[in-house]
$ cat target-v1.csv   # CSV, C-alpha atoms
chain,number,residue,atom,x,y,z
A,553,MET,CA,-27.8,11.1,10.7
A,554,SER,CA,-24.1,10.2,10.2
A,555,GLY,CA,-21.6,12.0,8.0
A,556,LEU,CA,-18.8,10.8,5.8
A,557,PHE,CA,-15.1,10.6,6.9
A,558,ILE,CA,-12.5,10.8,4.1
A,559,THR,CA,-8.8,10.9,4.7
A,560,PHE,CA,-5.9,11.8,2.4
A,561,GLU,CA,-2.6,10.0,2.7
A,562,GLY,CA,0.8,9.6,1.0
A,563,THR,CA,4.4,10.8,1.2
A,564,GLU,CA,5.4,14.4,1.0
A,565,GLY,CA,4.6,16.3,-2.3
A,566,GLY,CA,1.6,14.2,-3.3
A,567,GLY,CA,-0.7,17.3,-3.5
A,568,LYS,CA,-3.0,16.3,-0.6
A,569,SER,CA,-3.8,19.9,0.5
A,570,THR,CA,-4.6,21.0,-3.1
A,571,GLN,CA,-6.9,18.0,-3.7
A,572,ILE,CA,-8.6,18.4,-0.4
A,573,GLN,CA,-9.5,22.0,-1.2
A,574,LEU,CA,-10.7,21.0,-4.7
A,575,LEU,CA,-12.9,18.2,-3.4
A,576,ALA,CA,-14.3,20.5,-0.6
A,577,GLU,CA,-15.3,23.0,-3.2
A,578,THR,CA,-17.1,20.4,-5.3
A,579,LEU,CA,-18.9,19.0,-2.3
A,580,ARG,CA,-20.0,22.4,-1.1
A,581,GLY,CA,-21.2,23.2,-4.5
A,582,LEU,CA,-23.5,20.2,-4.2
A,583,GLY,CA,-24.9,21.5,-0.9
A,584,HIS,CA,-22.9,19.4,1.5
A,585,THR,CA,-21.4,20.7,4.8
A,586,VAL,CA,-17.7,20.0,4.6
A,587,ARG,CA,-15.1,20.2,7.4
A,588,THR,CA,-11.4,20.2,6.3
A,589,LEU,CA,-8.8,19.2,8.9
A,590,ARG,CA,-5.1,18.4,9.1
A,591,GLU,CA,-3.0,16.1,11.3
A,592,PRO,CA,-1.3,16.6,13.5
A,593,GLY,CA,-3.3,19.7,14.4
A,594,GLY,CA,-6.9,20.7,13.9
A,595,THR,CA,-7.5,21.9,17.4
A,596,PRO,CA,-5.7,24.5,19.6
A,597,ILE,CA,-4.0,21.7,21.5
A,598,GLY,CA,-3.2,19.8,18.4
A,599,GLU,CA,-1.7,22.8,16.7
A,600,GLU,CA,0.6,23.3,19.7
A,601,ILE,CA,1.6,19.6,19.4
A,602,ARG,CA,2.2,20.1,15.6
A,603,HIS,CA,4.6,22.9,16.3
A,604,LEU,CA,6.5,20.9,18.8
A,605,LEU,CA,6.7,17.9,16.5
A,606,LYS,CA,7.7,19.7,13.3
A,607,HIS,CA,9.1,23.2,13.9
A,608,SER,CA,10.1,23.9,17.5
A,609,GLU,CA,13.8,24.2,18.3
A,610,ALA,CA,13.0,22.1,21.4
A,611,ASN,CA,12.4,19.0,19.3
A,612,HIS,CA,16.0,18.1,18.5
A,613,GLY,CA,16.7,14.6,19.9
A,614,MET,CA,13.0,13.7,20.2
A,615,SER,CA,12.7,9.9,20.5
A,616,SER,CA,10.6,7.9,18.1
A,617,GLU,CA,8.4,6.8,21.0
A,618,THR,CA,7.8,10.4,22.1
A,619,GLU,CA,6.9,11.2,18.5
A,620,LEU,CA,4.4,8.4,18.3
A,621,LEU,CA,2.7,9.4,21.6
A,622,LEU,CA,2.5,13.1,20.7
A,623,MET,CA,1.0,12.3,17.3
A,624,ASN,CA,-1.7,10.3,18.9
A,625,ALA,CA,-2.3,12.8,21.7
A,626,SER,CA,-3.2,15.3,19.0
A,627,ARG,CA,-5.3,12.7,17.2
A,628,ALA,CA,-7.2,11.8,20.4
A,629,GLN,CA,-8.2,15.4,20.8
A,630,ILE,CA,-9.3,16.1,17.2
A,631,VAL,CA,-11.3,12.8,17.1
A,632,ARG,CA,-13.3,13.7,20.2
A,633,VAL,CA,-13.8,17.4,20.0
A,634,VAL,CA,-14.0,17.8,16.2
A,635,ILE,CA,-14.4,14.7,14.1
A,636,GLN,CA,-17.0,12.8,16.1
A,637,PRO,CA,-19.3,15.8,16.6
A,638,ALA,CA,-19.0,16.7,12.9
A,639,LEU,CA,-19.9,13.2,11.7
A,640,ALA,CA,-22.8,13.1,14.2
A,641,ALA,CA,-24.1,16.3,12.7
A,642,GLY,CA,-24.0,14.8,9.2
A,643,GLU,CA,-21.0,16.7,7.9
A,644,ILE,CA,-18.4,15.4,5.4
A,645,VAL,CA,-15.0,15.5,7.0
A,646,LEU,CA,-11.9,15.7,4.9
A,647,CYS,CA,-8.6,15.1,6.8
A,648,ASP,CA,-5.1,15.7,5.6
A,649,ARG,CA,-3.5,12.5,7.1
A,650,PHE,CA,-4.8,10.2,9.8
A,651,TYR,CA,-3.7,7.0,11.4
A,652,ASP,CA,-2.3,5.4,8.3
A,653,SER,CA,0.4,8.0,8.3
A,654,THR,CA,1.3,6.9,11.8
A,655,ILE,CA,1.6,3.3,10.7
A,656,ALA,CA,3.8,4.4,7.7
A,657,TYR,CA,5.9,7.0,9.4
A,658,GLN,CA,6.3,5.9,13.0
A,659,GLY,CA,5.8,2.1,12.3
A,660,TYR,CA,7.7,1.5,9.1
A,661,GLY,CA,9.7,4.7,9.0
A,662,ARG,CA,10.9,4.9,12.6
A,663,LYS,CA,10.9,1.0,12.9
A,664,LEU,CA,8.7,0.9,15.9
A,665,ASP,CA,6.9,-2.3,16.7
A,666,LEU,CA,3.8,-2.3,14.5
A,667,GLY,CA,1.7,-4.0,17.1
A,668,GLN,CA,2.5,-1.4,19.7
A,669,VAL,CA,1.9,1.4,17.2
A,670,GLN,CA,-1.5,-0.1,16.3
A,671,GLY,CA,-2.3,-0.3,20.0
A,672,VAL,CA,-1.6,3.4,20.6
A,673,VAL,CA,-3.6,4.3,17.5
A,674,ASP,CA,-6.6,2.2,18.6
A,675,PHE,CA,-6.6,3.9,22.0
A,676,ALA,CA,-6.5,7.4,20.3
A,677,VAL,CA,-9.2,6.8,17.8
A,678,GLY,CA,-11.6,4.4,19.5
A,679,THR,CA,-14.3,3.5,17.0
A,680,THR,CA,-13.6,6.4,14.6
A,681,HIS,CA,-12.3,5.1,11.3
A,682,PRO,CA,-12.3,6.6,7.8
A,683,ASP,CA,-15.0,5.5,5.3
A,684,LEU,CA,-12.6,6.1,2.4
A,685,THR,CA,-8.8,6.8,2.3
A,686,LEU,CA,-7.3,8.3,-0.8
A,687,LEU,CA,-3.6,7.4,-1.1
A,688,LEU,CA,-2.0,10.0,-3.4
A,689,ALA,CA,1.0,8.1,-4.6
A,690,VAL,CA,4.1,9.6,-6.1
A,691,PRO,CA,7.6,7.9,-6.5
A,692,LEU,CA,10.2,9.0,-4.0
A,693,ALA,CA,12.1,10.9,-6.6
A,694,VAL,CA,9.1,13.0,-7.5
A,695,SER,CA,8.3,13.6,-3.8
A,696,GLU,CA,11.9,14.9,-3.3
A,697,ALA,CA,11.7,17.1,-6.3
A,698,ARG,CA,8.4,18.6,-5.3
A,699,ARG,CA,9.6,19.2,-1.8
A,700,GLN,CA,12.7,21.0,-3.1
A,701,ALA,CA,10.6,23.2,-5.5
A,702,ARG,CA,8.2,24.0,-2.6
A,703,ASN,CA,11.0,25.1,-0.4
A,704,GLN,CA,12.5,27.3,-3.2
A,705,ALA,CA,9.1,28.9,-3.8
A,706,THR,CA,8.2,29.6,-0.2
A,707,GLY,CA,11.5,29.8,1.5
A,708,PRO,CA,12.9,27.2,3.8
A,709,VAL,CA,10.8,26.4,6.9
A,710,ARG,CA,12.3,23.9,9.2
A,711,ASP,CA,10.3,20.7,9.4
A,712,ARG,CA,11.8,18.0,11.6
A,713,MET,CA,9.9,15.2,9.8
A,714,GLU,CA,11.6,16.2,6.5
A,715,GLU,CA,15.0,16.1,8.1
A,716,ALA,CA,15.0,12.3,8.0
A,717,ASP,CA,17.3,10.5,5.5
A,718,ARG,CA,16.3,9.0,2.2
A,719,ALA,CA,16.2,5.5,3.7
A,720,PHE,CA,13.5,6.6,6.1
A,721,PHE,CA,11.3,7.9,3.3
A,722,GLU,CA,11.9,4.7,1.4
A,723,ARG,CA,10.5,2.7,4.3
A,724,VAL,CA,7.6,5.1,4.6
A,725,GLU,CA,6.8,4.5,0.9
A,726,LYS,CA,6.9,0.8,1.4
A,727,GLY,CA,4.7,1.2,4.5
A,728,PHE,CA,2.0,2.9,2.6
A,729,ASP,CA,2.1,0.2,-0.1
A,730,ALA,CA,1.7,-2.5,2.5
A,731,ILE,CA,-1.2,-0.7,4.2
A,732,ALA,CA,-3.0,-0.3,0.9
A,733,ARG,CA,-2.6,-4.0,0.1
A,734,GLN,CA,-4.0,-4.9,3.5
A,735,GLU,CA,-7.2,-2.8,3.2
A,736,PRO,CA,-8.1,-2.5,-0.5
A,737,HIS,CA,-11.8,-1.9,0.4
A,738,ARG,CA,-11.0,1.3,2.2
A,739,ILE,CA,-7.8,2.6,0.8
A,740,LYS,CA,-7.8,3.6,-2.9
A,741,THR,CA,-4.5,4.5,-4.6
A,742,VAL,CA,-4.5,7.5,-6.9
A,743,ASP,CA,-1.6,8.2,-9.3
A,744,ALA,CA,-0.7,11.7,-8.1
A,745,THR,CA,2.0,12.2,-10.8
A,746,GLN,CA,-0.8,13.2,-13.1
A,747,PRO,CA,-1.8,16.8,-13.7
A,748,ILE,CA,-3.9,18.3,-11.0
A,749,GLU,CA,-7.2,18.2,-12.9
A,750,ALA,CA,-6.6,14.5,-13.8
A,751,VAL,CA,-6.1,13.7,-10.1
A,752,ARG,CA,-9.2,15.7,-9.2
A,753,LYS,CA,-11.3,13.6,-11.6
A,754,ALA,CA,-9.8,10.3,-10.3
A,755,ILE,CA,-10.7,11.3,-6.8
A,756,TRP,CA,-14.2,12.4,-7.7
A,757,ASN,CA,-14.8,9.0,-9.4
A,758,LEU,CA,-14.1,7.4,-6.0
A,759,VAL,CA,-16.0,9.9,-3.9
A,760,GLU,CA,-19.1,10.5,-6.0
A,761,PRO,CA,-20.7,7.1,-5.3
A,762,LEU,CA,-20.6,7.8,-1.6
A,763,VAL,CA,-22.4,11.1,-1.7
A,764,ASN,CA,-25.0,10.5,-4.4
$ encode --input "target-v1.csv" --output "structure tokens"
Amino acid sequence: MSGLFITFEGTEGGGKSTQIQLLAETLRGLGHTVRTLREPGGTPIGEEIRHLLKHSEANHGMSSETELLLMNASRAQIVRVVIQPALAAGEIVLCDRFYDSTIAYQGYGRKLDLGQVQGVVDFAVGTTHPDLTLLLAVPLAVSEARRQARNQATGPVRDRMEEADRAFFERVEKGFDAIARQEPHRIKTVDATQPIEAVRKAIWNLVEPLVN
């Protein structure tokens, strides 16, 4: 028995965490066993790497190559100790970011060689690939406004990834667009500027055929 692997992608402020929880609730209500994860992170080792990548004061001056390898070290761990066993047990796995984010952020955003980035990703994930990827798309201006509102509501928490300049996030946005065009059978773009309930319905329309 094999499970179902669904990933959520997009720039900051797209509402991924909210929609993952809503989808998980719907699926559990139908009797499915659902595992929700995030990247980087999802394991004790991965969470340590997440802190180093995003919040640690020791990460100032981190090179793009180091960032790429750390992201995929976390990924290699979560794939082998969490995702693969969960899928083998027939669970539905919902993951907040996966390797498409690496292509977009480290490849397009950091301008690393896309072939080399893909090689590192392939080594980290092996044969584990999403069955469906939901790209929650918002324009960069909306992303910036939502990030600002979030920081005002919760208080500023340093996130090294969000310290990049606007040009970086413009490249990331273009990266996601390019990835979606390359794999339209797997990656489905959802307009995440809509109200939460409208986005939830759009996501369910894409997921329902896979679980019924």
$ residues_around --input "target-v1.csv" --residues "region 634-642 of chain A" --least-positions-apart "2" --cutoff "7 Å" --atoms "only C-alpha atoms" --output "list in words"
Met553, Ser554, Gly555, Leu556, Ile630, Val631, Arg632 and Ile644 of chain A
$ write_last_selection --input "target-v1.csv" --atoms "C-alpha atoms" --output "PDB file, in the coordinates of the input"
ATOM      1  CA  MET A 553     -27.800  11.100  10.700  1.00  0.00           C
ATOM      2  CA  SER A 554     -24.100  10.200  10.200  1.00  0.00           C
ATOM      3  CA  GLY A 555     -21.600  12.000   8.000  1.00  0.00           C
ATOM      4  CA  LEU A 556     -18.800  10.800   5.800  1.00  0.00           C
ATOM      5  CA  ILE A 630      -9.300  16.100  17.200  1.00  0.00           C
ATOM      6  CA  VAL A 631     -11.300  12.800  17.100  1.00  0.00           C
ATOM      7  CA  ARG A 632     -13.300  13.700  20.200  1.00  0.00           C
ATOM      8  CA  ILE A 644     -18.400  15.400   5.400  1.00  0.00           C
TER       9      ILE A 644
END
$ atom_distance --input "target-v1.csv" --atom1 "CA of Lys740 (chain A)" --atom2 "CA of His603 (chain A)"
29.9 Å
$ closest_residue --input "target-v1.csv" --among "A:Leu604, A:Leu686, A:Ala732, A:Ile739" --to "Lys568 (chain A)" --atoms "all atoms listed in the file"
A:Leu686
$ closest_residue --input "target-v1.csv" --among "A:Ala744, A:Ala697, A:Ile572, A:Val763" --to "His584 (chain A)" --atoms "all atoms listed in the file"
A:Val763
$ residues_near_point --input "target-v1.csv" --point "(9.6, 4.4, 12.2)" --cutoff "12 Å" --atoms "only C-alpha atoms" --output "PyMOL selection string"
chain A and resi 615-620+653-666+668-669+713+716-717+719-727
